[in-house]
Each structure stands twice: as C-alpha cells, then as structure tokens.
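Trainee: Here it is, the structure in full.
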Amino acid sequence: MPLISKPFRALIIGSSGTIGTAFINLLNSYDQCLDVIGINRHSVPSINYLYPETIQQAFETLNNKEPFQLIINTIGVLHTENWLPEKRLKDLNEVQLSQQFLINSIGPALTIKYFSNLLDREGGVYATLSAKVGSISDNRLGGWFSYRASKAALNMIIKTASIELKRTQPNSALIALHPGTVKSNLSRPFNGERIGREPEAACQDMLSVLLNVEREESGSFKSYNGDDLPW
Ligand SMILES: NC(=O)c1ccc[n+]([C@@H]2O[C@H](COP(=O)([O-])OP(=O)(O)OC[C@H]3O[C@@H](n4cnc5c(N)ncnc54)[C@H](OP(=O)(O)O)[C@@H]3O)[C@@H](O)[C@H]2O)c1
C-alpha cells in the first residue's frame, strides 16, 4: 500500500533549480496536493550548503508547521564557473572534491538528519535526487570522479538512514532518486539540451513513482521510471 495517502502536503528543497521549479509548478497544479512549500538559497527560511548551519535553522522554522507527506531534495552541483567534471585521474584536486562532497553528500545528509523529522509519522516519503552515475556497479566509462563519488556517498547515507528509520519511523521511506537526463543548467555543458528530457515530463514521472512508494521500498535507489537501479 502506498505510504502517501491523498491529499498530501509537499516540501521541495532546492526550489530555485530547474527540477525544483518544475516540481513546484507541477504540485501547485496537482489537485491532491494541499500545499507545497519551496526552500532554496534565497528563500525565507533559506538553505545554503556552503553554510551548513542554515540546514538546522531552516528545519527549526518548518518544524512549527504541519508535517509533510512528501519531501524532495533537488540540490546538487556538477560544475561551477571554476571547474568541470574531471576527465582523468590527473584532474583530481582538493577544492573540487571538497565542494562536490559538501553540496552533494554532506548537505543532503544533514538535511536528512533534520528534515526526516518533518515527515508525517502516519505516512511519508523523502526523496533525495541522486544520479545513475553514482552507481558503483554501473560505472563503465570512468571520469567525473568527484560527482560520481559524492553521489555514491549520498546513496550510502540514504541506505544507512533508511535502516534506522525502519525502527524509529516505520511509516517513512527514504529514497535515492535518479531523474534521468534532464535539460537544465546542470546538464547544459554535457549536451543536456539535445539528449535531455523536459523537466516537466521528468517531474511528472518522478511524482508518479514517489506517490506509489511502499514502506518496504525504503532505502532503494530508483529511476524516474520506477526501475530499481544497481548500487
Ligand atoms: N539534470 C540532469 O540531467 C540530472 C541528472 C542526474 C541527476 N541530477 C540531479 O538532480 C538534481 C537537480 O538538478 P537540476 O538539473 O535541477 O540542476 P540545477 O538547475 O543546476 O539546480 C541545482 C539546484 O541546486 C542548488 N544549489 C547548488 N549549490 C547549492 C548550495 N551551495 N546550497 C544550496 N543549494 C544549492 C541550486 O540553487 P541556486 O538556484 O541558488 O543556484 C539549484 O536549486 C541535482 O541533485 C542533480 O545532481 C540531474
């Protein structure tokens, strides 16, 4: 039986991004969604992974509100104006590795630590956007060291936290969710506009998956089409 019973309340973390914005628009027009709240670096409260204390501060503000049945964290980074994904071992550097781990692993981990407490104890799903390239067993091409490794670390955090939540919040599911290749700022330098899907279509697919997540599926790594991905 799906954990989310309708109607539901939703929280989108990273609501300023391409996929975050598309989720906000979709949920605002979805008649079973009673309310959707978005937070990002510029919202009130704000959340900025370069300042990890903002995670707890945002949690404390939202903790006064009614619980959420659906939480989706879309925050992530693949490139900045200072660096692109590494092509080979000699490109590895401490700055890029640190920033990728801070934004793709540490920030989302601390967000799960606090924000899982905002889930409705009677039924809630919390998805964090991961990436198929974070799959260790599916890695055939190499490259993109720090992005791959930071998403693999995120996946392990989600899996480990899900085991604890099975005891403490048995009606909550934690999911690592791959959105597919989506046209966005993140994918643009890598042919995203040509090979990617529209964010609206990707979010529609991901919402269908999340609204059907069952208790036993907590701790899984899912694709936008519902397939389970290899770790
Ligand atoms: N697009 C794809 O093809 C694809 C494929 C696989 C996985 N993903 C994953 O999907 C998620 C969303 O990607 P997207 O395509 O929507 O990318 P995007 O448009 O670049 O959005 C990225 C989001 O992350 C936020 N962000 C970046 N650094 C941050 C920080 N230090 N603190 C707080 N927020 C920060 C951005 O905030 P600002 O607006 O303030 O910059 C924005 O809201 C990411 O986790 C990505 O790894 C995407």
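Going through the structure tokens in order, the chains are called A, B, and so on, while each chain numbers its residues from 1 and the ligands are numbered from 1 in the order shown.
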Which residues come within 10 Å of A:Tyr224, counting only C-alpha atoms, excluding same-chain residues fewer than 6 positions away, as a short mmCIF file (atom, residue, chain, number, x, y, z; two decimals) with N, CA, C and O atoms, in the first residue's frame?
Mentor:
data_model
loop_
_atom_site.label_atom_id
_atom_site.label_comp_id
_atom_site.auth_asym_id
_atom_site.auth_seq_id
_atom_site.Cartn_x
_atom_site.Cartn_y
_atom_site.Cartn_z
N LEU A 177 16.79 9.02 -5.74
CA LEU A 177 16.00 9.07 -6.98
C LEU A 177 16.81 9.67 -8.13
O LEU A 177 17.33 10.79 -8.02
N HIS A 178 16.91 8.93 -9.22
CA HIS A 178 17.60 9.39 -10.43
C HIS A 178 16.57 10.03 -11.37
O HIS A 178 15.61 9.36 -11.77
N PRO A 179 16.77 11.31 -11.74
CA PRO A 179 15.74 11.97 -12.57
C PRO A 179 15.82 11.68 -14.05
O PRO A 179 14.97 12.13 -14.81
N GLY A 180 16.85 10.92 -14.48
CA GLY A 180 17.12 10.80 -15.90
C GLY A 180 17.91 12.03 -16.35
O GLY A 180 18.16 12.94 -15.56
N THR A 181 18.31 12.05 -17.62
CA THR A 181 18.97 13.26 -18.13
C THR A 181 17.90 14.29 -18.46
O THR A 181 16.97 14.02 -19.21
N ALA A 201 8.26 16.79 -17.81
CA ALA A 201 7.99 15.37 -18.04
C ALA A 201 8.71 14.52 -17.00
O ALA A 201 8.15 13.55 -16.46
N ALA A 202 9.96 14.91 -16.70
CA ALA A 202 10.72 14.14 -15.71
C ALA A 202 10.04 14.21 -14.34
O ALA A 202 9.94 13.19 -13.64
N CYS A 203 9.55 15.40 -13.97
CA CYS A 203 8.92 15.54 -12.64
C CYS A 203 7.59 14.79 -12.57
O CYS A 203 7.25 14.22 -11.53
N GLN A 204 6.86 14.80 -13.67
CA GLN A 204 5.60 14.03 -13.71
C GLN A 204 5.89 12.55 -13.45
O GLN A 204 5.21 11.89 -12.64
N ASP A 205 6.91 12.02 -14.11
CA ASP A 205 7.29 10.61 -13.92
C ASP A 205 7.74 10.36 -12.48
O ASP A 205 7.34 9.37 -11.86
N MET A 206 8.61 11.24 -11.97
CA MET A 206 9.13 11.03 -10.61
C MET A 206 8.01 11.12 -9.58
O MET A 206 8.00 10.35 -8.61
N LEU A 207 7.06 12.05 -9.78
CA LEU A 207 5.95 12.17 -8.82
C LEU A 207 5.13 10.87 -8.80
O LEU A 207 4.75 10.39 -7.73
N SER A 208 4.90 10.30 -9.98
CA SER A 208 4.13 9.04 -10.03
C SER A 208 4.85 7.95 -9.24
O SER A 208 4.21 7.18 -8.52
N VAL A 209 6.18 7.90 -9.37
CA VAL A 209 6.95 6.89 -8.63
C VAL A 209 6.81 7.14 -7.13
O VAL A 209 6.50 6.22 -6.35
N LEU A 210 6.98 8.38 -6.71
CA LEU A 210 7.01 8.68 -5.27
C LEU A 210 5.64 8.48 -4.62
O LEU A 210 5.55 8.05 -3.47
#
Trainee: As a ChimeraX atom specification, which residues of stretch 101-197 of chain A does DSSP assign to alpha helix (DSSP H)?
Mentor: /A:101,107-115,145-168,192-195
Trainee: Which neighbours of A:Arg194 fall inside 10 Å, counting only C-alpha atoms, when residues of the same chain fewer than 4 positions from it are skipped, and could you give them as a PDB file with N, CA, C and O atoms, in the first residue's frame?
Mentor:
ATOM      1  N   VAL A 182      18.031  15.448 -17.818  1.00  0.00           N
ATOM      2  CA  VAL A 182      17.008  16.492 -17.908  1.00  0.00           C
ATOM      3  C   VAL A 182      17.671  17.769 -18.412  1.00  0.00           C
ATOM      4  O   VAL A 182      18.798  18.097 -18.006  1.00  0.00           O
ATOM      5  N   LYS A 183      16.994  18.494 -19.291  1.00  0.00           N
ATOM      6  CA  LYS A 183      17.525  19.772 -19.774  1.00  0.00           C
ATOM      7  C   LYS A 183      17.604  20.743 -18.610  1.00  0.00           C
ATOM      8  O   LYS A 183      16.549  21.088 -18.036  1.00  0.00           O
ATOM      9  N   SER A 187      23.023  20.076 -16.701  1.00  0.00           N
ATOM     10  CA  SER A 187      23.371  19.161 -17.814  1.00  0.00           C
ATOM     11  C   SER A 187      23.804  19.899 -19.078  1.00  0.00           C
ATOM     12  O   SER A 187      24.338  19.286 -20.001  1.00  0.00           O
ATOM     13  N   ARG A 188      23.587  21.245 -19.128  1.00  0.00           N
ATOM     14  CA  ARG A 188      23.814  22.005 -20.373  1.00  0.00           C
ATOM     15  C   ARG A 188      25.214  21.809 -20.970  1.00  0.00           C
ATOM     16  O   ARG A 188      25.321  21.568 -22.180  1.00  0.00           O
ATOM     17  N   PHE A 190      26.977  19.369 -21.079  1.00  0.00           N
ATOM     18  CA  PHE A 190      27.209  17.964 -21.469  1.00  0.00           C
ATOM     19  C   PHE A 190      26.117  17.488 -22.429  1.00  0.00           C
ATOM     20  O   PHE A 190      25.614  16.375 -22.321  1.00  0.00           O
TER      21      PHE A 190
END
Trainee: Write down as a ChimeraX atom specification the residues belonging to stretch 49-174 of chain A that are assigned strand (DSSP E) by DSSP computed on the backbone.
Mentor: /A:70-73,124-129,172-174
Trainee: Just N, CA and C atoms for this one: save the residues we selected as a PDB file, in the first residue's frame.
Mentor:
ATOM      1  N   LEU A  70       5.330  14.427   1.693  1.00  0.00           N
ATOM      2  CA  LEU A  70       6.303  14.282   0.603  1.00  0.00           C
ATOM      3  C   LEU A  70       7.382  15.361   0.726  1.00  0.00           C
ATOM      4  N   ILE A  71       8.639  14.928   0.795  1.00  0.00           N
ATOM      5  CA  ILE A  71       9.779  15.858   0.797  1.00  0.00           C
ATOM      6  C   ILE A  71      10.707  15.434  -0.341  1.00  0.00           C
ATOM      7  N   ILE A  72      11.116  16.405  -1.158  1.00  0.00           N
ATOM      8  CA  ILE A  72      12.051  16.115  -2.262  1.00  0.00           C
ATOM      9  C   ILE A  72      13.201  17.110  -2.196  1.00  0.00           C
ATOM     10  N   ASN A  73      14.413  16.591  -2.069  1.00  0.00           N
ATOM     11  CA  ASN A  73      15.601  17.446  -2.089  1.00  0.00           C
ATOM     12  C   ASN A  73      16.243  17.370  -3.471  1.00  0.00           C
ATOM     13  N   GLY A 124       4.946   8.912   5.029  1.00  0.00           N
ATOM     14  CA  GLY A 124       5.674   9.967   4.326  1.00  0.00           C
ATOM     15  C   GLY A 124       6.817   9.407   3.507  1.00  0.00           C
ATOM     16  N   VAL A 125       7.124  10.103   2.413  1.00  0.00           N
ATOM     17  CA  VAL A 125       8.219   9.706   1.518  1.00  0.00           C
ATOM     18  C   VAL A 125       9.168  10.889   1.369  1.00  0.00           C
ATOM     19  N   TYR A 126      10.462  10.601   1.519  1.00  0.00           N
ATOM     20  CA  TYR A 126      11.503  11.628   1.431  1.00  0.00           C
ATOM     21  C   TYR A 126      12.498  11.170   0.364  1.00  0.00           C
ATOM     22  N   ALA A 127      12.487  11.865  -0.775  1.00  0.00           N
ATOM     23  CA  ALA A 127      13.400  11.513  -1.872  1.00  0.00           C
ATOM     24  C   ALA A 127      14.516  12.539  -1.968  1.00  0.00           C
ATOM     25  N   THR A 128      15.733  12.062  -2.175  1.00  0.00           N
ATOM     26  CA  THR A 128      16.853  12.955  -2.466  1.00  0.00           C
ATOM     27  C   THR A 128      17.330  12.620  -3.876  1.00  0.00           C
ATOM     28  N   LEU A 129      17.476  13.664  -4.714  1.00  0.00           N
ATOM     29  CA  LEU A 129      17.906  13.387  -6.080  1.00  0.00           C
ATOM     30  C   LEU A 129      19.370  12.976  -6.090  1.00  0.00           C
ATOM     31  N   SER A 172       7.837   5.824   7.272  1.00  0.00           N
ATOM     32  CA  SER A 172       8.581   6.785   6.450  1.00  0.00           C
ATOM     33  C   SER A 172       9.507   6.024   5.507  1.00  0.00           C
ATOM     34  N   ALA A 173       9.613   6.500   4.279  1.00  0.00           N
ATOM     35  CA  ALA A 173      10.553   5.888   3.316  1.00  0.00           C
ATOM     36  C   ALA A 173      11.557   6.925   2.846  1.00  0.00           C
ATOM     37  N   LEU A 174      12.830   6.526   2.818  1.00  0.00           N
ATOM     38  CA  LEU A 174      13.889   7.365   2.255  1.00  0.00           C
ATOM     39  C   LEU A 174      14.305   6.754   0.915  1.00  0.00           C
TER      40      LEU A 174
END
Trainee: Listing only residues of chain A within 7 Å of ligand 1, what is the closest atom pair and its distance in Å (to one decimal) for each, using only C-alpha atoms and all ligand atoms, sorted by chain and residue number ascending, as a tab-separated table?
Mentor:
residue	atom	partner	partner_atom_place_in_ligand_line	distance
A:Gly14	CA	ligand 1	43 (O)	3.8
A:Ser15	CA	ligand 1	43 (O)	5.4
A:Ser16	CA	ligand 1	43 (O)	4.2
A:Gly17	CA	ligand 1	43 (O)	3.4
A:Thr18	CA	ligand 1	19 (O)	3.7
A:Ile19	CA	ligand 1	16 (O)	3.8
A:Gly20	CA	ligand 1	16 (O)	5.9
A:Asn40	CA	ligand 1	34 (N)	5.9
A:Arg41	CA	ligand 1	40 (O)	4.9
A:His42	CA	ligand 1	40 (O)	6.7
A:Ile47	CA	ligand 1	33 (C)	5.7
A:Asn48	CA	ligand 1	32 (N)	3.6
A:Tyr49	CA	ligand 1	32 (N)	3.9
A:Leu50	CA	ligand 1	31 (N)	4.8
A:Thr74	CA	ligand 1	11 (C)	4.4
A:Ile75	CA	ligand 1	24 (O)	3.5
A:Gly76	CA	ligand 1	45 (O)	3.4
A:Val77	CA	ligand 1	27 (C)	5.4
A:Leu78	CA	ligand 1	47 (O)	6.5
A:Ile103	CA	ligand 1	31 (N)	5.7
A:Asn104	CA	ligand 1	45 (O)	6.8
A:Leu129	CA	ligand 1	45 (O)	4.8
A:Ser130	CA	ligand 1	7 (C)	5.5
A:Ala131	CA	ligand 1	7 (C)	4.1
A:Lys132	CA	ligand 1	6 (C)	6.6
A:His178	CA	ligand 1	7 (C)	5.6
A:Pro179	CA	ligand 1	6 (C)	5.5
A:Gly180	CA	ligand 1	5 (C)	5.2
A:Thr181	CA	ligand 1	3 (O)	3.4
A:Val182	CA	ligand 1	3 (O)	3.8
A:Lys183	CA	ligand 1	1 (N)	5.8
A:Ser184	CA	ligand 1	15 (O)	4.6
A:Asn185	CA	ligand 1	20 (O)	4.6
A:Leu186	CA	ligand 1	20 (O)	4.2
A:Ser187	CA	ligand 1	3 (O)	4.9
A:Gly192	CA	ligand 1	3 (O)	6.5
A:Gly196	CA	ligand 1	3 (O)	6.4
Trainee: Produce a file of the selected residues containing N, CA and C atoms, as an mmCIF file, in the first residue's frame.
Mentor:
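Here's the written file again_36.cif:
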data_model
loop_
_atom_site.group_PDB
_atom_site.id
_atom_site.type_symbol
_atom_site.label_atom_id
_atom_site.label_comp_id
_atom_site.auth_asym_id
_atom_site.auth_seq_id
_atom_site.Cartn_x
_atom_site.Cartn_y
_atom_site.Cartn_z
ATOM 1 N N GLY A 14 15.587 23.163 -2.610
ATOM 2 C CA GLY A 14 16.262 23.478 -3.876
ATOM 3 C C GLY A 14 15.235 23.920 -4.910
ATOM 4 N N SER A 15 14.260 24.690 -4.451
ATOM 5 C CA SER A 15 13.122 25.048 -5.312
ATOM 6 C C SER A 15 13.477 26.075 -6.380
ATOM 7 N N SER A 16 14.722 26.569 -6.385
ATOM 8 C CA SER A 16 15.139 27.549 -7.403
ATOM 9 C C SER A 16 15.742 26.871 -8.632
ATOM 10 N N GLY A 17 16.071 25.595 -8.543
ATOM 11 C CA GLY A 17 16.733 24.901 -9.657
ATOM 12 C C GLY A 17 15.734 24.509 -10.731
ATOM 13 N N THR A 18 16.226 23.933 -11.800
ATOM 14 C CA THR A 18 15.363 23.559 -12.926
ATOM 15 C C THR A 18 14.345 22.501 -12.493
ATOM 16 N N ILE A 19 14.842 21.429 -11.882
ATOM 17 C CA ILE A 19 13.930 20.348 -11.477
ATOM 18 C C ILE A 19 13.093 20.797 -10.275
ATOM 19 N N GLY A 20 13.706 21.550 -9.362
ATOM 20 C CA GLY A 20 12.961 22.063 -8.199
ATOM 21 C C GLY A 20 11.804 22.945 -8.632
ATOM 22 N N ASN A 40 15.152 27.419 -0.773
ATOM 23 C CA ASN A 40 16.398 27.440 -1.543
ATOM 24 C C ASN A 40 17.329 28.473 -0.916
ATOM 25 N N ARG A 41 18.404 28.810 -1.630
ATOM 26 C CA ARG A 41 19.404 29.720 -1.056
ATOM 27 C C ARG A 41 18.850 31.115 -0.782
ATOM 28 N N HIS A 42 17.758 31.488 -1.513
ATOM 29 C CA HIS A 42 17.265 32.869 -1.416
ATOM 30 C C HIS A 42 15.883 32.952 -0.787
ATOM 31 N N ILE A 47 18.293 27.918 2.697
ATOM 32 C CA ILE A 47 19.139 26.734 2.942
ATOM 33 C C ILE A 47 20.309 26.830 1.968
ATOM 34 N N ASN A 48 21.520 26.866 2.520
ATOM 35 C CA ASN A 48 22.722 27.028 1.694
ATOM 36 C C ASN A 48 23.782 26.073 2.215
ATOM 37 N N TYR A 49 24.164 25.108 1.385
ATOM 38 C CA TYR A 49 25.084 24.069 1.851
ATOM 39 C C TYR A 49 26.509 24.578 2.065
ATOM 40 N N LEU A 50 26.798 25.801 1.603
ATOM 41 C CA LEU A 50 28.113 26.381 1.931
ATOM 42 C C LEU A 50 28.109 26.868 3.380
ATOM 43 N N THR A 74 16.277 18.513 -4.159
ATOM 44 C CA THR A 74 16.819 18.539 -5.531
ATOM 45 C C THR A 74 18.195 19.207 -5.606
ATOM 46 N N ILE A 75 18.751 19.614 -4.470
ATOM 47 C CA ILE A 75 20.026 20.350 -4.511
ATOM 48 C C ILE A 75 21.155 19.450 -5.010
ATOM 49 N N GLY A 76 21.974 20.014 -5.897
ATOM 50 C CA GLY A 76 23.138 19.257 -6.374
ATOM 51 C C GLY A 76 23.976 20.123 -7.287
ATOM 52 N N VAL A 77 25.239 19.745 -7.448
ATOM 53 C CA VAL A 77 26.131 20.501 -8.331
ATOM 54 C C VAL A 77 27.018 19.528 -9.110
ATOM 55 N N LEU A 78 27.246 19.874 -10.388
ATOM 56 C CA LEU A 78 28.113 19.051 -11.244
ATOM 57 C C LEU A 78 29.290 19.874 -11.758
ATOM 58 N N ILE A 103 28.318 19.736 -1.184
ATOM 59 C CA ILE A 103 26.978 20.042 -1.730
ATOM 60 C C ILE A 103 26.187 18.783 -2.094
ATOM 61 N N ASN A 104 26.866 17.735 -2.540
ATOM 62 C CA ASN A 104 26.131 16.533 -2.989
ATOM 63 C C ASN A 104 26.002 15.451 -1.922
ATOM 64 N N LEU A 129 17.476 13.664 -4.714
ATOM 65 C CA LEU A 129 17.906 13.387 -6.080
ATOM 66 C C LEU A 129 19.370 12.976 -6.090
ATOM 67 N N SER A 130 19.600 11.788 -6.618
ATOM 68 C CA SER A 130 20.933 11.237 -6.770
ATOM 69 C C SER A 130 21.232 11.230 -8.274
ATOM 70 N N ALA A 131 22.034 10.313 -8.755
ATOM 71 C CA ALA A 131 22.322 10.217 -10.187
ATOM 72 C C ALA A 131 22.791 8.802 -10.479
ATOM 73 N N LYS A 132 22.376 8.306 -11.635
ATOM 74 C CA LYS A 132 22.775 6.947 -12.024
ATOM 75 C C LYS A 132 24.296 6.823 -12.095
ATOM 76 N N HIS A 178 16.911 8.930 -9.218
ATOM 77 C CA HIS A 178 17.603 9.393 -10.432
ATOM 78 C C HIS A 178 16.574 10.030 -11.371
ATOM 79 N N PRO A 179 16.767 11.310 -11.737
ATOM 80 C CA PRO A 179 15.736 11.971 -12.568
ATOM 81 C C PRO A 179 15.824 11.680 -14.047
ATOM 82 N N GLY A 180 16.855 10.925 -14.477
ATOM 83 C CA GLY A 180 17.124 10.805 -15.902
ATOM 84 C C GLY A 180 17.906 12.030 -16.351
ATOM 85 N N THR A 181 18.306 12.054 -17.624
ATOM 86 C CA THR A 181 18.975 13.258 -18.127
ATOM 87 C C THR A 181 17.898 14.287 -18.456
ATOM 88 N N VAL A 182 18.031 15.448 -17.818
ATOM 89 C CA VAL A 182 17.008 16.492 -17.908
ATOM 90 C C VAL A 182 17.671 17.769 -18.412
ATOM 91 N N LYS A 183 16.994 18.494 -19.291
ATOM 92 C CA LYS A 183 17.525 19.772 -19.774
ATOM 93 C C LYS A 183 17.604 20.743 -18.610
ATOM 94 N N SER A 184 18.806 21.165 -18.245
ATOM 95 C CA SER A 184 18.939 22.073 -17.096
ATOM 96 C C SER A 184 20.305 22.737 -17.121
ATOM 97 N N ASN A 185 20.500 23.674 -16.213
ATOM 98 C CA ASN A 185 21.816 24.319 -16.076
ATOM 99 C C ASN A 185 22.886 23.275 -15.814
ATOM 100 N N LEU A 186 22.523 22.290 -15.030
ATOM 101 C CA LEU A 186 23.485 21.265 -14.628
ATOM 102 C C LEU A 186 23.952 20.421 -15.813
ATOM 103 N N SER A 187 23.023 20.076 -16.701
ATOM 104 C CA SER A 187 23.371 19.161 -17.814
ATOM 105 C C SER A 187 23.804 19.899 -19.078
ATOM 106 N N GLY A 192 23.089 18.383 -22.604
ATOM 107 C CA GLY A 192 21.787 18.182 -21.970
ATOM 108 C C GLY A 192 20.619 18.689 -22.793
ATOM 109 N N GLY A 196 18.621 15.607 -23.282
ATOM 110 C CA GLY A 196 17.820 15.599 -22.054
ATOM 111 C C GLY A 196 16.325 15.697 -22.318
#
Trainee: Work out how far apart atom CA of A:Lys6 and atom CA of A:Glu214 are and give it in Å to one decimal.
Mentor: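 Atom CA of A:Glu214 lies at a distance of 14.0 Å from atom CA of A:Lys6.
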Trainee: Name the residues in contact with A:Leu119 at a cut-off of 6 Å, using only C-alpha atoms, excluding same-chain residues fewer than 4 positions from it; report them as a PDB file with C-alpha atoms, in the first residue's frame.
Mentor:
ATOM      1  CA  PRO A  67       4.032  17.618   8.871  1.00  0.00           C
ATOM      2  CA  PHE A  68       4.745  16.817   5.227  1.00  0.00           C
ATOM      3  CA  GLN A  69       3.840  13.596   3.455  1.00  0.00           C
ATOM      4  CA  GLY A 124       5.674   9.967   4.326  1.00  0.00           C
TER       5      GLY A 124
END
Trainee: Enter the distance from atom CA of A:Phe23 to atom CA of A:Ser220, in Å, rounded to one decimal.
Mentor: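 Here the two named atoms are 20.9 Å from each other.
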Trainee: Considering only C-alpha atoms, state which residue in the set A:Thr54, A:Ser46, A:Thr61, A:Ser146 is at the smallest distance from A:Leu97.
Mentor: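 The answer is A:Ser146, which sits nearest to A:Leu97.
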Trainee: Grab the atom CA of A:Phe145 to atom CA of A:Glu86 distance for me, in Å with one decimal place.
Mentor: 6.1 Å
Trainee: Could you check the closest approach to A:Ala58 for each of A:Ala10, A:Ala152, A:Ile4, A:Leu118 and tell me which residue wins, using only C-alpha atoms?
Mentor: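 Counting only C-alpha atoms, the residue closest to A:Ala58 is A:Leu118.
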Trainee: Find, counting only C-alpha atoms, the residue in A:Glu122, A:Glu200, A:Asp31, A:Glu81 that gets nearest to A:Arg215.
Mentor: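 Going through A:Glu122, A:Glu200, A:Asp31, A:Glu81 one by one, the smallest distance to A:Arg215 is for A:Glu122.
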